file structure.txt (compact mmCIF, C-alpha atoms and all ligand atoms)
# COMPACT_ATOMS: atom_id res chain seq x y z
CA MET I 1 14.19 13.47 -12.23
CA ALA I 2 12.26 15.70 -9.85
CA PHE I 3 9.01 14.31 -8.55
CA ASP I 4 6.01 16.62 -8.50
CA ILE I 5 2.91 15.18 -6.85
CA ASP I 6 0.38 17.11 -8.97
CA THR I 7 2.13 16.08 -12.18
CA PHE I 8 2.21 12.48 -10.99
CA VAL I 9 -1.54 12.54 -10.29
CA GLU I 10 -2.23 13.94 -13.77
CA ASP I 11 0.04 11.32 -15.33
CA CYS I 12 -1.77 8.56 -13.44
CA ARG I 13 -5.17 9.86 -14.53
CA SER I 14 -3.99 9.97 -18.15
CA ALA I 15 -2.66 6.41 -17.85
CA ASN I 16 -5.98 5.35 -16.35
CA ALA I 17 -7.72 6.58 -19.52
CA ASP I 18 -5.60 4.19 -21.59
CA PRO I 19 -7.48 1.24 -23.17
CA ASP I 20 -5.47 -0.99 -20.80
CA PRO I 21 -5.28 1.15 -17.64
CA ARG I 22 -3.67 -1.49 -15.44
CA ALA I 23 -0.79 -1.96 -17.87
CA ALA I 24 -0.39 1.79 -18.38
CA ILE I 25 -0.34 2.48 -14.62
CA ARG I 26 2.13 -0.36 -14.11
CA GLU I 27 4.47 1.07 -16.76
CA LEU I 28 4.19 4.56 -15.30
CA LEU I 29 5.00 3.36 -11.78
CA LEU I 30 7.92 1.23 -12.95
CA GLU I 31 9.37 4.15 -14.89
CA ARG I 32 9.00 6.62 -12.02
CA LEU I 33 10.52 4.19 -9.53
CA ARG I 34 13.43 3.58 -11.89
CA THR I 35 14.16 7.24 -12.59
CA SER I 36 12.95 9.19 -9.54
CA ARG I 37 12.93 6.90 -6.51
CA GLY I 38 15.01 9.25 -4.36
CA ASP I 39 12.85 12.22 -5.28
CA ILE I 40 9.67 10.25 -4.54
CA ALA I 41 11.04 9.34 -1.11
CA ALA I 42 11.98 12.97 -0.51
CA ALA I 43 8.48 14.11 -1.48
CA LEU I 44 6.41 11.38 0.17
CA GLY I 45 8.64 9.62 2.68
CA THR I 46 8.05 10.05 6.39
CA ASP I 47 8.47 8.03 9.54
CA GLU I 48 4.83 8.64 10.49
CA SER I 49 3.05 5.49 9.37
CA GLY I 50 -0.37 5.80 7.78
CA LEU I 51 -2.56 5.70 4.71
CA ASN I 52 -2.26 9.13 3.13
CA VAL I 53 -4.59 10.02 0.28
CA ILE I 54 -2.75 11.68 -2.63
CA TYR I 55 -5.74 11.58 -4.97
CA SER I 56 -9.28 10.34 -4.53
CA GLY I 57 -11.85 10.32 -7.30
CA GLU I 58 -14.45 8.07 -8.87
CA ASP I 59 -11.92 7.10 -11.52
CA LEU I 60 -8.86 6.42 -9.41
CA THR I 61 -7.43 6.48 -5.91
CA ILE I 62 -3.76 7.04 -5.10
CA LEU I 63 -2.44 6.43 -1.59
CA ASN I 64 0.96 6.99 -0.05
CA VAL I 65 1.22 4.10 2.41
CA ILE I 66 3.88 4.24 5.11
CA TRP I 67 4.34 0.96 6.97
CA ALA I 68 6.02 1.10 10.38
CA PRO I 69 8.87 -1.35 10.99
CA LYS I 70 7.59 -4.96 11.34
CA MET I 71 3.99 -3.75 11.05
CA THR I 72 1.31 -6.16 9.76
CA ILE I 73 -2.17 -5.37 8.50
CA PHE I 74 -4.87 -8.07 8.49
CA PRO I 75 -6.28 -9.66 5.30
CA HIS I 76 -8.59 -7.40 3.31
CA ASP I 77 -9.95 -7.02 -0.20
CA HIS I 78 -10.25 -3.97 -2.48
CA ARG I 79 -12.98 -4.99 -5.01
CA MET I 80 -11.11 -3.16 -7.78
CA TRP I 81 -7.69 -3.66 -9.33
CA ALA I 82 -4.73 -2.31 -7.43
CA THR I 83 -1.10 -1.63 -8.30
CA ILE I 84 1.57 -1.28 -5.62
CA GLY I 85 4.96 0.37 -6.17
CA ILE I 86 7.64 0.36 -3.45
CA TYR I 87 9.84 3.47 -3.29
CA ALA I 88 11.59 2.64 0.00
CA GLY I 89 11.90 -0.51 2.06
CA ALA I 90 10.00 -3.73 1.45
CA GLU I 91 6.48 -5.12 1.65
CA ASP I 92 5.58 -8.79 2.09
CA ASN I 93 2.22 -9.65 0.58
CA ARG I 94 0.44 -12.78 1.80
CA LEU I 95 -2.25 -13.72 -0.67
CA TYR I 96 -5.51 -15.49 0.08
CA LYS I 97 -8.54 -16.87 -1.69
CA ARG I 98 -12.04 -17.43 -0.39
CA GLY I 99 -12.75 -20.94 0.95
CA PRO I 100 -16.08 -22.56 1.85
CA GLU I 101 -16.01 -20.97 5.29
CA ARG I 102 -12.74 -19.14 5.84
CA LEU I 103 -9.86 -17.78 3.84
CA GLN I 104 -7.30 -20.09 2.34
CA HIS I 105 -3.66 -19.23 1.85
CA ALA I 106 -2.89 -18.71 -1.84
CA GLY I 107 0.75 -17.62 -1.99
CA GLU I 108 3.29 -14.98 -1.07
CA ARG I 109 4.81 -12.08 -2.92
CA GLN I 110 7.78 -10.31 -1.41
CA LEU I 111 8.29 -6.82 -2.81
CA ASP I 112 11.52 -4.87 -2.52
CA THR I 113 12.38 -1.28 -3.35
CA GLY I 114 11.58 -0.53 -6.99
CA ASP I 115 9.15 -3.43 -7.39
CA VAL I 116 5.65 -3.02 -8.81
CA PHE I 117 2.93 -5.58 -8.10
CA GLY I 118 -0.57 -5.80 -9.55
CA LEU I 119 -3.58 -7.25 -7.76
CA GLY I 120 -6.82 -8.18 -9.51
CA ALA I 121 -10.25 -7.07 -8.37
CA GLU I 122 -10.80 -10.37 -6.54
CA ALA I 123 -7.49 -10.26 -4.67
CA ILE I 124 -7.30 -10.60 -0.90
CA HIS I 125 -4.03 -9.85 0.84
CA ALA I 126 -2.36 -9.15 4.17
CA VAL I 127 0.71 -6.91 4.24
CA HIS I 128 3.77 -7.02 6.47
CA ASN I 129 6.83 -4.78 6.60
CA PRO I 130 9.70 -7.22 7.20
CA ARG I 131 12.29 -4.48 7.74
CA SER I 132 13.37 -2.59 10.84
CA ARG I 133 12.86 0.68 8.92
CA HIS I 134 9.75 2.25 7.51
CA THR I 135 8.50 1.20 4.10
CA GLY I 136 7.08 3.71 1.63
CA ALA I 137 4.70 2.52 -1.09
CA ILE I 138 2.40 4.11 -3.63
CA HIS I 139 -0.86 2.15 -3.86
CA ILE I 140 -3.05 2.94 -6.87
CA TYR I 141 -6.62 1.62 -7.14
CA GLY I 142 -8.79 1.51 -10.23
CA GLY I 143 -11.80 3.26 -8.71
CA ASP I 144 -13.19 5.07 -5.69
CA PHE I 145 -11.33 3.03 -3.07
CA VAL I 146 -12.15 5.44 -0.22
CA ASN I 147 -15.90 4.90 -0.55
CA GLN I 148 -15.91 1.26 -1.68
CA SER I 149 -17.61 -1.11 0.79
CA ARG I 150 -15.44 -4.18 1.27
CA SER I 151 -14.27 -6.85 3.69
CA GLN I 152 -11.52 -7.70 6.10
CA TRP I 153 -10.75 -11.05 7.72
CA ASP I 154 -9.80 -11.79 11.31
CA PRO I 155 -6.10 -12.73 11.15
CA ASP I 156 -6.57 -15.61 13.62
CA THR I 157 -9.90 -17.15 12.56
CA LEU I 158 -9.71 -15.99 8.90
CA LEU I 159 -13.45 -15.28 9.05
CA GLU I 160 -14.94 -12.43 7.03
CA GLU I 161 -16.03 -9.14 8.61
CA PRO I 162 -17.07 -5.77 7.18
CA TYR I 163 -14.08 -3.53 6.57
CA ASP I 164 -13.50 -1.27 9.57
CA ILE I 165 -11.48 1.82 8.71
CA GLU I 166 -11.28 2.74 12.40
CA GLN I 167 -9.58 -0.57 13.17
CA VAL I 168 -7.09 0.16 10.41
CA GLN I 169 -6.46 3.65 11.77
CA ARG I 170 -5.94 2.20 15.25
CA ALA I 171 -3.40 -0.25 13.83
CA PHE I 172 -1.43 2.61 12.26
CA ALA I 173 -1.72 4.72 15.44
CA LYS I 174 -0.40 1.83 17.53
CA ALA I 175 2.43 1.28 15.07
CA ASN I 176 3.36 4.96 15.42
CA GLU I 177 3.27 4.74 19.21
CA ASP I 178 5.40 1.59 19.21
CA TRP I 179 7.89 3.24 16.89
CA LYS I 180 8.17 6.38 19.00
CA ALA I 181 8.57 4.31 22.16
CA GLN I 182 11.36 2.39 20.47
CA LEU I 183 12.99 5.63 19.31
CA GLY I 184 13.25 6.66 22.95
CA HIS I 185 16.12 4.26 23.43
CA ASP I 186 17.13 3.46 19.86
CA VAL I 187 17.59 6.71 18.02
CA ASP I 188 18.39 6.20 14.36
CA GLU I 189 18.63 8.64 11.53
CA SER I 190 15.47 9.33 9.60
CA VAL I 191 14.07 6.60 7.45
CA VAL I 192 12.25 6.19 4.13
FE FE L 201 -4.56 -3.72 0.34
call {"tool": "encode", "arguments": {"input": "structure.txt", "output": "structure tokens"}}
result
Amino acid sequence: MAFDIDTFVEDCRSANADPDPRAAIRELLLERLRTSRGDIAAALGTDESGLNVIYSGEDLTILNVIWAPKMTIFPHDHRMWATIGIYAGAEDNRLYKRGPERLQHAGERQLDTGDVFGLGAEAIHAVHNPRSRHTGAIHIYGGDFVNQSRSQWDPDTLLEEPYDIEQVQRAFAKANEDWKAQLGHDVDESVV
């Protein structure tokens, strides 16, 4: 089934108006990944890693997240529910909970292509792409994620800091540079 971004956004907004928006969004993502994964990858897939905003509103935020090979992003929270759907590659989620002083490890969830994973408003996670190819994921948040103040945690000390979007952008920029440097002597066909 063809994948049209504007239609997808409208479908997500309709699902978000459901009495149980998390369940409705989960069902929508599962169905689209089952029926249209190749078309989603064709529409959204790229080998330029980054957080690309598909839709941003007070009601909902939809991101197309492209993880570079082996890339890791430090622990962070969202302060609203989130649903992740993987349309290409894989995403390892390391889950944490708040401790008296620093974060405590609270589990792992390894997502593969086609998987959908829901995170509650209290969730804290770090994300790693375990593959040697890019991973493409749709991340949907139940609110205005772009403008939400939130936290990140130093990956070594696990101490809390204010979320720093510039640090995140630097991490993606470095991942792109590393990937392009690697391409210089390891040319592969396009990914995602
Ligand atoms: Fe996240």
call {"tool": "residues_around", "arguments": {"input": "structure.txt", "residues": "Ile124 of chain I", "least_positions_apart": "5", "cutoff": "12 Å", "atoms": "all atoms listed in the file", "output": "compact mmCIF listing (two decimals) with C-alpha atoms, in the coordinates of the input"}}
result
# COMPACT_ATOMS: atom_id res chain seq x y z
CA ILE I 73 -2.17 -5.37 8.50
CA PHE I 74 -4.87 -8.07 8.49
CA PRO I 75 -6.28 -9.66 5.30
CA HIS I 76 -8.59 -7.40 3.31
CA ASP I 77 -9.95 -7.02 -0.20
CA HIS I 78 -10.25 -3.97 -2.48
CA ARG I 79 -12.98 -4.99 -5.01
CA MET I 80 -11.11 -3.16 -7.78
CA TRP I 81 -7.69 -3.66 -9.33
CA ALA I 82 -4.73 -2.31 -7.43
CA ASN I 93 2.22 -9.65 0.58
CA ARG I 94 0.44 -12.78 1.80
CA LEU I 95 -2.25 -13.72 -0.67
CA TYR I 96 -5.51 -15.49 0.08
CA LYS I 97 -8.54 -16.87 -1.69
CA ARG I 98 -12.04 -17.43 -0.39
CA GLY I 99 -12.75 -20.94 0.95
CA LEU I 103 -9.86 -17.78 3.84
CA GLN I 104 -7.30 -20.09 2.34
CA HIS I 105 -3.66 -19.23 1.85
CA ALA I 106 -2.89 -18.71 -1.84
CA GLY I 107 0.75 -17.62 -1.99
CA GLU I 108 3.29 -14.98 -1.07
CA GLY I 118 -0.57 -5.80 -9.55
CA LEU I 119 -3.58 -7.25 -7.76
CA ARG I 150 -15.44 -4.18 1.27
CA SER I 151 -14.27 -6.85 3.69
CA GLN I 152 -11.52 -7.70 6.10
CA TRP I 153 -10.75 -11.05 7.72
CA LEU I 158 -9.71 -15.99 8.90
CA GLU I 160 -14.94 -12.43 7.03
call {"tool": "closest_residue", "arguments": {"input": "structure.txt", "among": "I:Pro130, I:Gly114, I:Pro155, I:Gly85", "to": "Arg26 of chain I", "atoms": "only C-alpha atoms"}}
result
I:Gly85
call {"tool": "closest_residue", "arguments": {"input": "structure.txt", "among": "I:Leu60, I:Tyr87, I:Val53, I:Met71", "to": "Leu29 of chain I", "atoms": "all atoms listed in the file"}}
result
I:Tyr87
call {"tool": "atom_distance", "arguments": {"input": "structure.txt", "atom1": "atom CA of Ala42 of chain I", "atom2": "atom CA of Asp112 of chain I"}}
result
18.0 Å
call {"tool": "residues_around", "arguments": {"input": "structure.txt", "residues": "Trp67 of chain I", "least_positions_apart": "5", "cutoff": "6 Å", "atoms": "all atoms listed in the file", "output": "VMD selection string"}}
result
chain I and resid 49 134 to 135
call {"tool": "residues_around", "arguments": {"input": "structure.txt", "residues": "Thr46 of chain I", "least_positions_apart": "3", "cutoff": "12 Å", "atoms": "all atoms listed in the file", "output": "ChimeraX atom specification"}}
result
/I:40-43,49-52,64-68,87-88,133-137,176,189-192
call {"tool": "closest_residue", "arguments": {"input": "structure.txt", "among": "I:Gly142, I:Pro21, I:Asp92, I:Gln167", "to": "Ala126 of chain I", "atoms": "only C-alpha atoms"}}
result
I:Asp92
call {"tool": "closest_residue", "arguments": {"input": "structure.txt", "among": "I:Gln148, I:Thr157, I:Gly143, I:Val127", "to": "ligand FE 201 (chain L)", "atoms": "all atoms listed in the file"}}
result
I:Val127
call {"tool": "closest_residue", "arguments": {"input": "structure.txt", "among": "I:Pro69, I:Gly57, I:Pro100, I:Pro162", "to": "Gln182 of chain I", "atoms": "only C-alpha atoms"}}
result
I:Pro69
call {"tool": "closest_residue", "arguments": {"input": "structure.txt", "among": "I:Arg170, I:Arg37, I:His128, I:Arg102", "to": "ligand FE 201 (chain L)", "atoms": "all atoms listed in the file"}}
result
I:His128
call {"tool": "atom_distance", "arguments": {"input": "structure.txt", "atom1": "atom CA of Arg131 of chain I", "atom2": "atom CA of Glu27 of chain I"}}
result
26.3 Å
call {"tool": "atom_distance", "arguments": {"input": "structure.txt", "atom1": "atom CA of Asp164 of chain I", "atom2": "atom CA of Ile54 of chain I"}}
result
20.8 Å
call {"tool": "residues_around", "arguments": {"input": "structure.txt", "residues": "Ala15 of chain I", "least_positions_apart": "3", "cutoff": "8 Å", "atoms": "all atoms listed in the file", "output": "PyMOL selection string"}}
result
chain I and resi 11-12+18+21+24-25+28
call {"tool": "write_last_selection", "arguments": {"input": "structure.txt", "atoms": "C-alpha atoms", "output": "PDB file, in the coordinates of the input"}}
result
ATOM      1  CA  ASP I  11       0.040  11.320 -15.330  1.00  0.00           C
ATOM      2  CA  CYS I  12      -1.770   8.560 -13.440  1.00  0.00           C
ATOM      3  CA  ASP I  18      -5.600   4.190 -21.590  1.00  0.00           C
ATOM      4  CA  PRO I  21      -5.280   1.150 -17.640  1.00  0.00           C
ATOM      5  CA  ALA I  24      -0.390   1.790 -18.380  1.00  0.00           C
ATOM      6  CA  ILE I  25      -0.340   2.480 -14.620  1.00  0.00           C
ATOM      7  CA  LEU I  28       4.190   4.560 -15.300  1.00  0.00           C
TER       8      LEU I  28
END
call {"tool": "build_atoms", "arguments": {"input": "structure.txt", "residues": "segment 53-80 of chain I", "atoms": "N, CA and C atoms", "output": "PDB file, in the frame of the given file"}}
result
ATOM      1  N   VAL I  53      -3.937   9.918   1.587  1.00  0.00           N
ATOM      2  CA  VAL I  53      -4.590  10.020   0.280  1.00  0.00           C
ATOM      3  C   VAL I  53      -3.904  11.115  -0.549  1.00  0.00           C
ATOM      4  N   ILE I  54      -3.352  10.723  -1.686  1.00  0.00           N
ATOM      5  CA  ILE I  54      -2.750  11.680  -2.630  1.00  0.00           C
ATOM      6  C   ILE I  54      -3.812  12.163  -3.619  1.00  0.00           C
ATOM      7  N   TYR I  55      -4.651  11.230  -4.055  1.00  0.00           N
ATOM      8  CA  TYR I  55      -5.740  11.580  -4.970  1.00  0.00           C
ATOM      9  C   TYR I  55      -6.904  10.623  -4.734  1.00  0.00           C
ATOM     10  N   SER I  56      -8.090  11.160  -4.707  1.00  0.00           N
ATOM     11  CA  SER I  56      -9.280  10.340  -4.530  1.00  0.00           C
ATOM     12  C   SER I  56     -10.359  10.836  -5.470  1.00  0.00           C
ATOM     13  N   GLY I  57     -10.779   9.973  -6.382  1.00  0.00           N
ATOM     14  CA  GLY I  57     -11.850  10.320  -7.300  1.00  0.00           C
ATOM     15  C   GLY I  57     -12.635   9.073  -7.651  1.00  0.00           C
ATOM     16  N   GLU I  58     -13.678   9.236  -8.452  1.00  0.00           N
ATOM     17  CA  GLU I  58     -14.450   8.070  -8.870  1.00  0.00           C
ATOM     18  C   GLU I  58     -13.639   7.197  -9.818  1.00  0.00           C
ATOM     19  N   ASP I  59     -12.690   7.826 -10.516  1.00  0.00           N
ATOM     20  CA  ASP I  59     -11.920   7.100 -11.520  1.00  0.00           C
ATOM     21  C   ASP I  59     -10.733   6.346 -10.939  1.00  0.00           C
ATOM     22  N   LEU I  60     -10.167   6.890  -9.856  1.00  0.00           N
ATOM     23  CA  LEU I  60      -8.860   6.420  -9.410  1.00  0.00           C
ATOM     24  C   LEU I  60      -8.626   6.869  -7.971  1.00  0.00           C
ATOM     25  N   THR I  61      -7.869   6.074  -7.242  1.00  0.00           N
ATOM     26  CA  THR I  61      -7.430   6.480  -5.910  1.00  0.00           C
ATOM     27  C   THR I  61      -5.937   6.219  -5.790  1.00  0.00           C
ATOM     28  N   ILE I  62      -5.213   7.197  -5.266  1.00  0.00           N
ATOM     29  CA  ILE I  62      -3.760   7.040  -5.100  1.00  0.00           C
ATOM     30  C   ILE I  62      -3.443   7.295  -3.630  1.00  0.00           C
ATOM     31  N   LEU I  63      -2.821   6.303  -2.990  1.00  0.00           N
ATOM     32  CA  LEU I  63      -2.440   6.430  -1.590  1.00  0.00           C
ATOM     33  C   LEU I  63      -0.921   6.379  -1.449  1.00  0.00           C
ATOM     34  N   ASN I  64      -0.417   7.149  -0.503  1.00  0.00           N
ATOM     35  CA  ASN I  64       0.960   6.990  -0.050  1.00  0.00           C
ATOM     36  C   ASN I  64       0.880   6.212   1.251  1.00  0.00           C
ATOM     37  N   VAL I  65       1.339   4.966   1.231  1.00  0.00           N
ATOM     38  CA  VAL I  65       1.220   4.100   2.410  1.00  0.00           C
ATOM     39  C   VAL I  65       2.596   3.993   3.069  1.00  0.00           C
ATOM     40  N   ILE I  66       2.638   4.359   4.340  1.00  0.00           N
ATOM     41  CA  ILE I  66       3.880   4.240   5.110  1.00  0.00           C
ATOM     42  C   ILE I  66       3.669   3.154   6.167  1.00  0.00           C
ATOM     43  N   TRP I  67       4.430   2.076   6.020  1.00  0.00           N
ATOM     44  CA  TRP I  67       4.340   0.960   6.970  1.00  0.00           C
ATOM     45  C   TRP I  67       5.425   1.138   8.028  1.00  0.00           C
ATOM     46  N   ALA I  68       5.042   1.067   9.297  1.00  0.00           N
ATOM     47  CA  ALA I  68       6.020   1.100  10.380  1.00  0.00           C
ATOM     48  C   ALA I  68       6.850  -0.192  10.354  1.00  0.00           C
ATOM     49  N   PRO I  69       8.038  -0.150  10.946  1.00  0.00           N
ATOM     50  CA  PRO I  69       8.870  -1.350  10.990  1.00  0.00           C
ATOM     51  C   PRO I  69       8.109  -2.541  11.582  1.00  0.00           C
ATOM     52  N   LYS I  70       8.173  -3.673  10.891  1.00  0.00           N
ATOM     53  CA  LYS I  70       7.590  -4.960  11.340  1.00  0.00           C
ATOM     54  C   LYS I  70       6.068  -4.935  11.425  1.00  0.00           C
ATOM     55  N   MET I  71       5.453  -3.873  10.957  1.00  0.00           N
ATOM     56  CA  MET I  71       3.990  -3.750  11.050  1.00  0.00           C
ATOM     57  C   MET I  71       3.285  -4.753  10.119  1.00  0.00           C
ATOM     58  N   THR I  72       2.139  -5.261  10.581  1.00  0.00           N
ATOM     59  CA  THR I  72       1.310  -6.160   9.760  1.00  0.00           C
ATOM     60  C   THR I  72      -0.113  -5.655   9.734  1.00  0.00           C
ATOM     61  N   ILE I  73      -0.748  -5.709   8.576  1.00  0.00           N
ATOM     62  CA  ILE I  73      -2.170  -5.370   8.500  1.00  0.00           C
ATOM     63  C   ILE I  73      -2.926  -6.621   8.036  1.00  0.00           C
ATOM     64  N   PHE I  74      -4.085  -6.843   8.671  1.00  0.00           N
ATOM     65  CA  PHE I  74      -4.870  -8.070   8.490  1.00  0.00           C
ATOM     66  C   PHE I  74      -5.363  -8.232   7.039  1.00  0.00           C
ATOM     67  N   PRO I  75      -5.793  -9.447   6.684  1.00  0.00           N
ATOM     68  CA  PRO I  75      -6.280  -9.660   5.300  1.00  0.00           C
ATOM     69  C   PRO I  75      -7.475  -8.761   4.990  1.00  0.00           C
ATOM     70  N   HIS I  76      -7.485  -8.262   3.764  1.00  0.00           N
ATOM     71  CA  HIS I  76      -8.590  -7.400   3.310  1.00  0.00           C
ATOM     72  C   HIS I  76      -8.676  -7.490   1.794  1.00  0.00           C
ATOM     73  N   ASP I  77      -9.816  -7.082   1.262  1.00  0.00           N
ATOM     74  CA  ASP I  77      -9.950  -7.020  -0.200  1.00  0.00           C
ATOM     75  C   ASP I  77     -10.077  -5.561  -0.634  1.00  0.00           C
ATOM     76  N   HIS I  78     -10.126  -5.329  -1.945  1.00  0.00           N
ATOM     77  CA  HIS I  78     -10.250  -3.970  -2.480  1.00  0.00           C
ATOM     78  C   HIS I  78     -11.475  -3.824  -3.387  1.00  0.00           C
ATOM     79  N   ARG I  79     -11.847  -4.942  -4.061  1.00  0.00           N
ATOM     80  CA  ARG I  79     -12.980  -4.990  -5.010  1.00  0.00           C
ATOM     81  C   ARG I  79     -12.763  -4.086  -6.225  1.00  0.00           C
ATOM     82  N   MET I  80     -11.514  -3.877  -6.561  1.00  0.00           N
ATOM     83  CA  MET I  80     -11.110  -3.160  -7.780  1.00  0.00           C
ATOM     84  C   MET I  80      -9.625  -3.485  -7.960  1.00  0.00           C
TER      85      MET I  80
END
